[in-house]
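What follows is the content of protein19.pdb (PDB, C-alpha atoms and all ligand atoms).
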ATOM      1  CA  MET A   1      85.950 102.350  82.619
ATOM      2  CA  VAL A   2      86.551 105.574  84.503
ATOM      3  CA  ALA A   3      87.944 108.674  82.814
ATOM      4  CA  HIS A   4      91.234 109.710  84.375
ATOM      5  CA  SER A   5      91.919 113.055  85.969
ATOM      6  CA  SER A   6      93.749 115.431  83.666
ATOM      7  CA  LEU A   7      95.193 117.483  86.516
ATOM      8  CA  SER A   8      98.697 116.179  86.428
ATOM      9  CA  VAL A   9     100.507 114.967  83.356
ATOM     10  CA  VAL A  10     101.205 111.273  82.898
ATOM     11  CA  GLY A  11     103.361 110.694  79.836
ATOM     12  CA  ARG A  12     105.099 107.555  78.626
ATOM     13  CA  PHE A  13     107.712 106.153  76.293
ATOM     14  CA  ALA A  14     106.768 102.936  74.527
ATOM     15  CA  PRO A  15     109.616 101.571  72.420
ATOM     16  CA  SER A  16     109.406  98.278  70.548
ATOM     17  CA  PRO A  17     112.390  96.077  71.444
ATOM     18  CA  THR A  18     113.203  95.298  67.832
ATOM     19  CA  GLY A  19     116.758  96.599  67.812
ATOM     20  CA  PHE A  20     119.122  98.917  69.605
ATOM     21  CA  LEU A  21     118.485 102.548  70.436
ATOM     22  CA  HIS A  22     119.063 104.803  67.463
ATOM     23  CA  PHE A  23     118.777 108.532  67.011
ATOM     24  CA  GLY A  24     115.145 108.463  65.812
ATOM     25  CA  THR A  25     113.997 106.643  68.959
ATOM     26  CA  LEU A  26     116.120 108.887  71.172
ATOM     27  CA  VAL A  27     114.264 111.910  69.765
ATOM     28  CA  ALA A  28     110.948 110.334  70.835
ATOM     29  CA  ALA A  29     112.327 109.640  74.316
ATOM     30  CA  VAL A  30     113.669 113.179  74.720
ATOM     31  CA  ALA A  31     110.488 114.862  73.489
ATOM     32  CA  GLY A  32     108.213 112.748  75.694
ATOM     33  CA  TYR A  33     110.410 112.910  78.757
ATOM     34  CA  LEU A  34     110.859 116.663  78.652
ATOM     35  CA  GLN A  35     107.257 117.481  77.784
ATOM     36  CA  SER A  36     106.138 115.577  80.837
ATOM     37  CA  ARG A  37     108.913 116.429  83.320
ATOM     38  CA  LYS A  38     108.854 120.120  82.520
ATOM     39  CA  SER A  39     105.358 120.317  84.002
ATOM     40  CA  GLY A  40     106.303 118.095  86.949
ATOM     41  CA  GLY A  41     104.463 115.161  85.381
ATOM     42  CA  GLN A  42     105.150 111.450  85.490
ATOM     43  CA  TRP A  43     106.904 109.534  82.750
ATOM     44  CA  LEU A  44     106.239 105.821  82.386
ATOM     45  CA  LEU A  45     108.125 103.242  80.411
ATOM     46  CA  ARG A  46     106.531 100.411  78.479
ATOM     47  CA  ILE A  47     108.185  97.797  76.310
ATOM     48  CA  GLU A  48     105.992  96.953  73.322
ATOM     49  CA  ASP A  49     106.950  93.311  72.897
ATOM     50  CA  LEU A  50     103.660  92.132  71.413
ATOM     51  CA  ASP A  51     105.060  90.219  68.509
ATOM     52  CA  PRO A  52     107.626  87.650  69.722
ATOM     53  CA  PRO A  53     109.347  86.952  66.354
ATOM     54  CA  ARG A  54     110.146  90.651  65.967
ATOM     55  CA  VAL A  55     111.721  90.996  69.411
ATOM     56  CA  VAL A  56     115.515  91.182  69.381
ATOM     57  CA  ALA A  57     116.826  89.297  72.413
ATOM     58  CA  GLY A  58     118.552  91.567  74.902
ATOM     59  CA  SER A  59     117.452  94.807  73.252
ATOM     60  CA  ALA A  60     114.937  95.821  75.942
ATOM     61  CA  ALA A  61     117.476  95.333  78.738
ATOM     62  CA  ALA A  62     120.130  97.232  76.771
ATOM     63  CA  LEU A  63     117.705 100.062  76.105
ATOM     64  CA  LEU A  64     116.775 100.449  79.775
ATOM     65  CA  LEU A  65     120.407 100.461  80.856
ATOM     66  CA  LEU A  66     121.301 103.045  78.273
ATOM     67  CA  LEU A  67     118.395 105.322  79.162
ATOM     68  CA  GLU A  68     119.498 105.161  82.783
ATOM     69  CA  ASP A  69     123.103 105.904  81.803
ATOM     70  CA  LEU A  70     121.950 108.967  79.897
ATOM     71  CA  GLY A  71     120.123 110.306  82.952
ATOM     72  CA  PHE A  72     116.499 109.461  82.138
ATOM     73  CA  ASP A  73     114.388 108.432  85.112
ATOM     74  CA  TRP A  74     110.927 106.939  84.956
ATOM     75  CA  ASP A  75     108.104 106.332  87.379
ATOM     76  CA  GLY A  76     107.126 102.900  88.629
ATOM     77  CA  GLN A  77     107.862  99.519  87.108
ATOM     78  CA  VAL A  78     108.520  99.016  83.418
ATOM     79  CA  LEU A  79     105.436  97.480  81.815
ATOM     80  CA  TYR A  80     105.953  94.648  79.314
ATOM     81  CA  GLN A  81     103.093  94.105  76.888
ATOM     82  CA  SER A  82     103.920  90.397  76.778
ATOM     83  CA  THR A  83     102.551  90.150  80.349
ATOM     84  CA  ARG A  84      99.215  91.654  79.373
ATOM     85  CA  PHE A  85      97.700  89.195  76.921
ATOM     86  CA  GLU A  86      94.927  88.093  79.304
ATOM     87  CA  ARG A  87      93.851  91.678  79.771
ATOM     88  CA  TYR A  88      93.757  92.291  76.003
ATOM     89  CA  HIS A  89      91.693  89.151  75.550
ATOM     90  CA  GLU A  90      89.259  90.273  78.254
ATOM     91  CA  ILE A  91      88.735  93.632  76.544
ATOM     92  CA  ILE A  92      88.081  92.011  73.174
ATOM     93  CA  GLU A  93      85.493  89.753  74.776
ATOM     94  CA  SER A  94      83.829  92.725  76.431
ATOM     95  CA  LEU A  95      83.702  94.550  73.074
ATOM     96  CA  ARG A  96      82.294  91.369  71.558
ATOM     97  CA  SER A  97      79.508  91.232  74.106
ATOM     98  CA  GLN A  98      78.515  94.714  72.909
ATOM     99  CA  GLN A  99      78.678  93.596  69.267
ATOM    100  CA  LEU A 100      81.416  96.118  68.542
ATOM    101  CA  VAL A 101      83.831  93.554  67.089
ATOM    102  CA  PHE A 102      83.460  90.693  64.634
ATOM    103  CA  ASP A 103      85.532  87.803  63.341
ATOM    104  CA  CYS A 104      87.000  88.184  59.892
ATOM    105  CA  SER A 105      88.394  85.406  57.738
ATOM    106  CA  CYS A 106      89.486  87.497  54.755
ATOM    107  CA  SER A 107      93.001  86.973  53.505
ATOM    108  CA  ARG A 108      95.026  89.988  52.463
ATOM    109  CA  ARG A 109      94.544  88.974  48.852
ATOM    110  CA  GLU A 110      90.754  88.879  49.239
ATOM    111  CA  ILE A 111      90.770  92.318  50.829
ATOM    112  CA  ILE A 112      92.897  93.788  48.049
ATOM    113  CA  ALA A 113      90.577  92.262  45.444
ATOM    114  CA  SER A 114      87.441  93.730  47.037
ATOM    115  CA  ALA A 115      88.726  96.982  48.549
ATOM    116  CA  PRO A 116      87.003 100.160  47.339
ATOM    117  CA  HIS A 117      90.382 101.888  47.145
ATOM    118  CA  ALA A 118      93.886 101.757  48.574
ATOM    119  CA  GLY A 119      94.340 103.744  51.770
ATOM    120  CA  GLU A 120      97.549 105.238  53.105
ATOM    121  CA  GLU A 121      98.351 101.979  54.882
ATOM    122  CA  GLY A 122      97.072  99.524  52.292
ATOM    123  CA  PRO A 123      93.640  98.512  51.097
ATOM    124  CA  VAL A 124      90.608  99.891  52.915
ATOM    125  CA  TYR A 125      88.672  97.018  54.482
ATOM    126  CA  PRO A 126      85.313  96.871  52.704
ATOM    127  CA  GLY A 127      83.317  95.324  55.573
ATOM    128  CA  THR A 128      83.137  91.848  54.028
ATOM    129  CA  CYS A 129      82.697  89.851  57.258
ATOM    130  CA  ARG A 130      80.755  92.463  59.216
ATOM    131  CA  TYR A 131      77.548  90.450  59.221
ATOM    132  CA  GLY A 132      79.067  86.980  59.265
ATOM    133  CA  VAL A 133      82.329  85.378  58.225
ATOM    134  CA  ARG A 134      82.570  85.327  54.430
ATOM    135  CA  GLY A 135      86.267  84.991  53.680
ATOM    136  CA  ASN A 136      88.044  81.761  52.872
ATOM    137  CA  ARG A 137      90.827  81.656  55.416
ATOM    138  CA  ARG A 138      90.625  79.204  58.316
ATOM    139  CA  GLU A 139      92.218  81.542  60.874
ATOM    140  CA  HIS A 140      90.182  84.526  61.989
ATOM    141  CA  SER A 141      91.204  87.999  62.922
ATOM    142  CA  VAL A 142      89.004  90.204  65.100
ATOM    143  CA  ARG A 143      88.045  93.627  63.776
ATOM    144  CA  LEU A 144      86.483  96.652  65.427
ATOM    145  CA  ARG A 145      83.450  98.058  63.643
ATOM    146  CA  VAL A 146      83.733 101.718  62.630
ATOM    147  CA  SER A 147      81.220 104.012  60.978
ATOM    148  CA  ASP A 148      81.109 106.708  58.363
ATOM    149  CA  GLU A 149      81.975 109.807  60.393
ATOM    150  CA  ALA A 150      84.971 112.054  60.939
ATOM    151  CA  VAL A 151      87.212 111.687  63.971
ATOM    152  CA  CYS A 152      88.705 115.094  64.775
ATOM    153  CA  PHE A 153      91.363 116.084  67.273
ATOM    154  CA  VAL A 154      93.885 118.840  67.781
ATOM    155  CA  ASP A 155      97.471 117.667  67.897
ATOM    156  CA  GLY A 156      99.728 119.787  70.110
ATOM    157  CA  ILE A 157     102.347 120.011  67.349
ATOM    158  CA  GLN A 158     100.618 119.161  64.071
ATOM    159  CA  GLY A 159      97.411 121.129  64.683
ATOM    160  CA  GLU A 160      93.890 120.111  63.628
ATOM    161  CA  GLN A 161      93.469 116.581  62.343
ATOM    162  CA  ARG A 162      90.513 114.860  60.790
ATOM    163  CA  GLN A 163      90.010 111.354  59.475
ATOM    164  CA  ASN A 164      87.037 109.307  58.429
ATOM    165  CA  VAL A 165      88.201 105.934  59.710
ATOM    166  CA  GLU A 166      85.640 103.936  57.758
ATOM    167  CA  ARG A 167      86.609 105.514  54.432
ATOM    168  CA  GLU A 168      90.343 105.738  55.020
ATOM    169  CA  VAL A 169      91.015 102.501  56.907
ATOM    170  CA  GLY A 170      87.830 100.498  57.433
ATOM    171  CA  ASP A 171      86.948  98.218  60.359
ATOM    172  CA  PHE A 172      90.372  97.596  61.827
ATOM    173  CA  VAL A 173      92.152  94.624  63.321
ATOM    174  CA  LEU A 174      92.440  94.232  67.103
ATOM    175  CA  TYR A 175      93.637  90.640  67.027
ATOM    176  CA  ARG A 176      95.577  89.274  64.103
ATOM    177  CA  ALA A 177      94.834  85.965  62.395
ATOM    178  CA  ASP A 178      98.344  84.802  63.309
ATOM    179  CA  GLY A 179      97.467  85.053  67.003
ATOM    180  CA  VAL A 180      99.099  88.404  67.824
ATOM    181  CA  PHE A 181      97.232  91.255  69.524
ATOM    182  CA  ALA A 182      97.322  94.388  67.381
ATOM    183  CA  TYR A 183      99.350  97.435  68.331
ATOM    184  CA  GLN A 184      96.196  99.622  68.073
ATOM    185  CA  LEU A 185      94.492  97.591  70.805
ATOM    186  CA  ALA A 186      97.409  97.146  73.183
ATOM    187  CA  VAL A 187      98.527 100.767  73.080
ATOM    188  CA  VAL A 188      95.074 102.055  74.019
ATOM    189  CA  ILE A 189      94.397  99.537  76.801
ATOM    190  CA  ASP A 190      97.829 100.039  78.333
ATOM    191  CA  ASP A 191      97.584 103.810  78.215
ATOM    192  CA  ILE A 192      94.130 103.694  79.827
ATOM    193  CA  ASP A 193      95.152 101.215  82.522
ATOM    194  CA  SER A 194      98.303 103.217  83.347
ATOM    195  CA  GLY A 195      96.431 106.530  83.525
ATOM    196  CA  VAL A 196      98.424 108.028  80.645
ATOM    197  CA  ASN A 197      96.956 111.353  79.563
ATOM    198  CA  GLN A 198      99.735 112.679  77.309
ATOM    199  CA  VAL A 199     101.152 110.848  74.304
ATOM    200  CA  VAL A 200     104.256 112.198  72.583
ATOM    201  CA  ARG A 201     105.491 110.183  69.589
ATOM    202  CA  GLY A 202     106.559 110.469  65.962
ATOM    203  CA  THR A 203     104.378 111.516  63.025
ATOM    204  CA  ASP A 204     104.549 107.969  61.661
ATOM    205  CA  LEU A 205     101.740 107.242  64.141
ATOM    206  CA  LEU A 206      99.587 110.268  63.307
ATOM    207  CA  PHE A 207      97.538 108.210  60.853
ATOM    208  CA  SER A 208      96.855 105.604  63.584
ATOM    209  CA  THR A 209      95.603 108.113  66.139
ATOM    210  CA  PRO A 210      91.991 108.418  64.891
ATOM    211  CA  ARG A 211      91.656 104.619  65.148
ATOM    212  CA  GLN A 212      92.929 104.805  68.701
ATOM    213  CA  ILE A 213      90.517 107.624  69.568
ATOM    214  CA  TRP A 214      87.717 105.524  68.123
ATOM    215  CA  LEU A 215      88.684 102.684  70.428
ATOM    216  CA  TYR A 216      88.836 105.017  73.449
ATOM    217  CA  ARG A 217      85.255 105.989  72.689
ATOM    218  CA  CYS A 218      84.139 102.368  72.427
ATOM    219  CA  LEU A 219      85.727 101.750  75.823
ATOM    220  CA  GLY A 220      84.098 104.833  77.340
ATOM    221  CA  ALA A 221      87.481 106.373  78.160
ATOM    222  CA  GLN A 222      88.940 109.829  77.631
ATOM    223  CA  PRO A 223      91.729 109.971  74.996
ATOM    224  CA  PRO A 224      95.043 111.567  76.008
ATOM    225  CA  SER A 225      96.380 114.769  74.509
ATOM    226  CA  TYR A 226      98.593 114.031  71.510
ATOM    227  CA  TYR A 227     101.872 115.531  70.314
ATOM    228  CA  HIS A 228     103.340 114.048  67.132
ATOM    229  CA  HIS A 229     106.904 115.230  66.643
ATOM    230  CA  PRO A 230     108.650 115.277  63.256
ATOM    231  CA  LEU A 231     110.575 112.191  62.221
ATOM    232  CA  VAL A 232     114.282 112.001  61.668
ATOM    233  CA  LEU A 233     114.925 111.109  58.044
ATOM    234  CA  GLY A 234     117.932 109.257  56.698
ATOM    235  CA  ALA A 235     119.939 110.417  53.688
ATOM    236  CA  ASP A 236     117.405 108.639  51.423
ATOM    237  CA  GLY A 237     114.539 110.783  52.746
ATOM    238  CA  GLN A 238     112.925 107.800  54.509
ATOM    239  CA  LYS A 239     112.325 107.451  58.253
ATOM    240  CA  LEU A 240     115.633 106.710  59.954
ATOM    241  CA  ASN A 241     115.826 103.091  60.968
ATOM    242  CA  LYS A 242     118.178 100.371  61.986
ATOM    243  CA  ARG A 243     119.278  99.791  58.399
ATOM    244  CA  ASP A 244     120.851 103.224  58.382
ATOM    245  CA  GLY A 245     123.824 101.694  60.079
ATOM    246  CA  ASP A 246     125.826 102.066  63.193
ATOM    247  CA  TYR A 247     126.432 105.774  63.018
ATOM    248  CA  THR A 248     122.909 106.532  64.236
ATOM    249  CA  LEU A 249     123.150 104.110  67.161
ATOM    250  CA  ILE A 250     123.298 105.567  70.629
ATOM    251  CA  THR A 251     125.944 104.324  73.039
ATOM    252  CA  ALA A 252     127.055 105.407  76.490
ATOM    253  CA  ALA A 253     130.044 107.021  74.736
ATOM    254  CA  ASN A 254     128.203 109.164  72.172
ATOM    255  CA  GLY A 255     124.976 109.575  74.187
ATOM    256  CA  ALA A 256     125.570 113.055  75.581
ATOM    257  CA  GLY A 257     126.345 114.510  72.137
ATOM    258  CA  MET A 258     123.347 112.684  70.658
ATOM    259  CA  LEU A 259     121.102 114.163  73.357
ATOM    260  CA  TRP A 260     122.316 117.621  72.398
ATOM    261  CA  ARG A 261     121.561 116.851  68.766
ATOM    262  CA  ALA A 262     118.108 115.532  69.669
ATOM    263  CA  LEU A 263     117.314 118.833  71.399
ATOM    264  CA  ASP A 264     118.579 120.704  68.363
ATOM    265  CA  PHE A 265     116.487 118.496  66.060
ATOM    266  CA  LEU A 266     113.432 119.333  68.171
ATOM    267  CA  GLY A 267     113.904 123.059  67.517
ATOM    268  CA  GLN A 268     115.366 123.836  70.937
ATOM    269  CA  THR A 269     118.469 125.969  71.192
ATOM    270  CA  PRO A 270     120.848 124.243  73.569
ATOM    271  CA  PRO A 271     123.979 126.372  74.114
ATOM    272  CA  PRO A 272     126.865 125.210  71.863
ATOM    273  CA  ASP A 273     129.199 124.647  74.811
ATOM    274  CA  LEU A 274     126.692 122.170  76.258
ATOM    275  CA  ALA A 275     127.528 119.902  73.311
ATOM    276  CA  GLY A 276     130.604 118.715  75.229
ATOM    277  CA  ALA A 277     128.828 118.336  78.578
ATOM    278  CA  ALA A 278     127.791 115.148  80.369
ATOM    279  CA  ALA A 279     124.448 113.581  79.427
ATOM    280  CA  ALA A 280     122.827 114.393  82.768
ATOM    281  CA  GLU A 281     123.694 118.061  82.282
ATOM    282  CA  VAL A 282     122.239 118.161  78.777
ATOM    283  CA  LEU A 283     118.990 116.609  80.017
ATOM    284  CA  ALA A 284     118.890 119.001  82.969
ATOM    285  CA  TRP A 285     119.116 121.921  80.513
ATOM    286  CA  GLY A 286     116.214 120.341  78.631
ATOM    287  CA  ARG A 287     114.083 120.025  81.758
ATOM    288  CA  GLU A 288     114.527 123.735  82.405
ATOM    289  CA  ASN A 289     114.173 125.017  78.877
ATOM    290  CA  PHE A 290     112.141 122.651  76.729
ATOM    291  CA  SER A 291     109.348 124.294  74.770
ATOM    292  CA  ILE A 292     106.938 122.230  72.696
ATOM    293  CA  ASP A 293     106.086 125.352  70.675
ATOM    294  CA  ALA A 294     109.608 125.397  69.270
ATOM    295  CA  VAL A 295     109.225 121.909  67.775
ATOM    296  CA  GLY A 296     108.604 122.207  64.025
ATOM    297  CA  ARG A 297     106.068 120.148  62.088
ATOM    298  CA  GLU A 298     108.137 118.847  59.201
ATOM    299  CA  ASN A 299     110.086 115.607  59.119
ATOM    300  CA  LYS A 300     113.710 116.379  58.282
ATOM    301  CA  PRO A 301     117.034 114.676  57.630
ATOM    302  CA  VAL A 302     119.945 114.744  60.002
ATOM    303  CA  PHE A 303     123.490 114.369  58.735
ATOM    304  CA  PHE A 304     125.988 112.854  61.122
TER     305      PHE A 304
HETATM  306  N1  LIG B 401     106.031 101.068  69.978
HETATM  307  C1  LIG B 401     105.869 102.129  69.040
HETATM  308  C2  LIG B 401     107.178 102.380  68.316
HETATM  309  O1  LIG B 401     108.232 101.992  68.833
HETATM  310  C3  LIG B 401     105.425 103.426  69.679
HETATM  311  C4  LIG B 401     104.023 103.365  70.109
HETATM  312  C5  LIG B 401     103.430 104.658  70.626
HETATM  313  O2  LIG B 401     104.171 105.541  71.076
HETATM  314  O3  LIG B 401     102.218 104.753  70.627
HETATM  315  O4  LIG B 401     107.156 102.956  67.255
END

Let me see the file written as structure tokens.
Ligand code: GLU
Amino acid sequence: MVAHSSLSVVGRFAPSPTGFLHFGTLVAAVAGYLQSRKSGGQWLLRIEDLDPPRVVAGSAAALLLLLEDLGFDWDGQVLYQSTRFERYHEIIESLRSQQLVFDCSCSRREIIASAPHAGEEGPVYPGTCRYGVRGNRREHSVRLRVSDEAVCFVDGIQGEQRQNVEREVGDFVLYRADGVFAYQLAVVIDDIDSGVNQVVRGTDLLFSTPRQIWLYRCLGAQPPSYYHHPLVLGADGQKLNKRDGDYTLITAANGAGMLWRALDFLGQTPPPDLAGAAAAEVLAWGRENFSIDAVGRENKPVFF
């Protein structure tokens, strides 16, 4: 695989079509769009519909329409991950031919029972099936082998990051035992194949990034630059999500005001009188004035 040129920015927005657009997702769209457009870069759109039971019918189409209504424009065709399964399979087989992946038949219960300790995202995989399938489940997942070393990178918002993937996560899943390709695999292959060199997304994915960088290395590709923006928290201090109710949903009617609030959330200082302006005008202000340095690090609540 050929490393891409880093001369001009190629950013992307990669929502999962699991519900309608809410304020937390709008913040990710605004941050990514402006960080790329402000330097004259491209901005691609990808629908992460890997896991059919989680897809909410009609939500991808509604999301695209709404983004267009609010004045976002993207480059090229929208990419749907559900059209890419053959490609993902091909990559797994190529990793297999290099002995970088292995089949694993451990159930979650077996992993919990044998894990050295619990990691941030559940039990750390102890390497049980690394040298041959030893679990008891009939279905197999496919895991990528990692080793005991630190993955370091500098995030454009969160600063220096360091994670030992083997100790904090373990060999990780690229293909799930229930027949679904893992997010970690699809996101990396799609970003490589689309020439993406700038990833802007929420801090909920910061812990995943070292795994993704590991995979880039296995594929001989150059990782993008990363910017993890703070998350919008609900009144309960948890990441804002669809359960927080209708008041965080974005519509064509409240969109312009929500865009203004997204800029404000991201530490920008949009003029107060712009709060009543049309969406296209608010975004145009953003394209002129957005500064990634003004974006704070801390997740924070927003009260509507
Ligand atoms: N699909 C992911 C989400 O909606 C984002 C993936 C990414 O930006 O890498 O949370």

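Nearest residue to Arg130 in chain A among A:Glu86, A:Asp193, A:Asp103, A:Asp273 is A:Asp103, counting only C-alpha atoms.
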
Using the chain letters and numbers from the file, give me the residues hit by the PyMOL selection byres (((not hetatm)) within 7 of (chain B and resi 401)), as a list in words. Phe13, Ala14, Pro15, Ser16, Glu48, Val187, Val199, Val200, Arg201 and Leu205 of chain A

May I ask for the distance between CA of Ser82 in chain A and CA of Leu174 in chain A, given in Å to one decimal place?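 Distance reported for this atom pair: 15.5 Å.
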
Could you list, as number ranges by chain, every residue matched by the PyMOL selection byres (((chain A and resi 32) around 9) and not hetatm) in this structure? A: 11-13, 27-31, 33-37, 43, 198-201, 227

Which one is closest to Leu240 in chain A: A:Asn289, A:Ser105, A:Gln161, A:Asn299? Count all atoms listed in the file. A:Asn299

Counting all atoms listed in the file, figure out which residue out of A:Ile189, A:Cys129, A:Phe290, A:Asn254 gets nearest to Cys218 in chain A.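 Closest to Cys218 in chain A, using all atoms listed in the file: A:Ile189.
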
Please enumerate the residues selected by the PyMOL selection byres (((chain A and resi 89) around 12) and not hetatm) when evaluated against the supplied file, formatted as number ranges by chain. A: 83-88, 90-96, 142, 174-175, 179-182, 185-186, 189

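Put simply, CA of Met258 in chain A is 27.9 Å away from CA of Asn197 in chain A.
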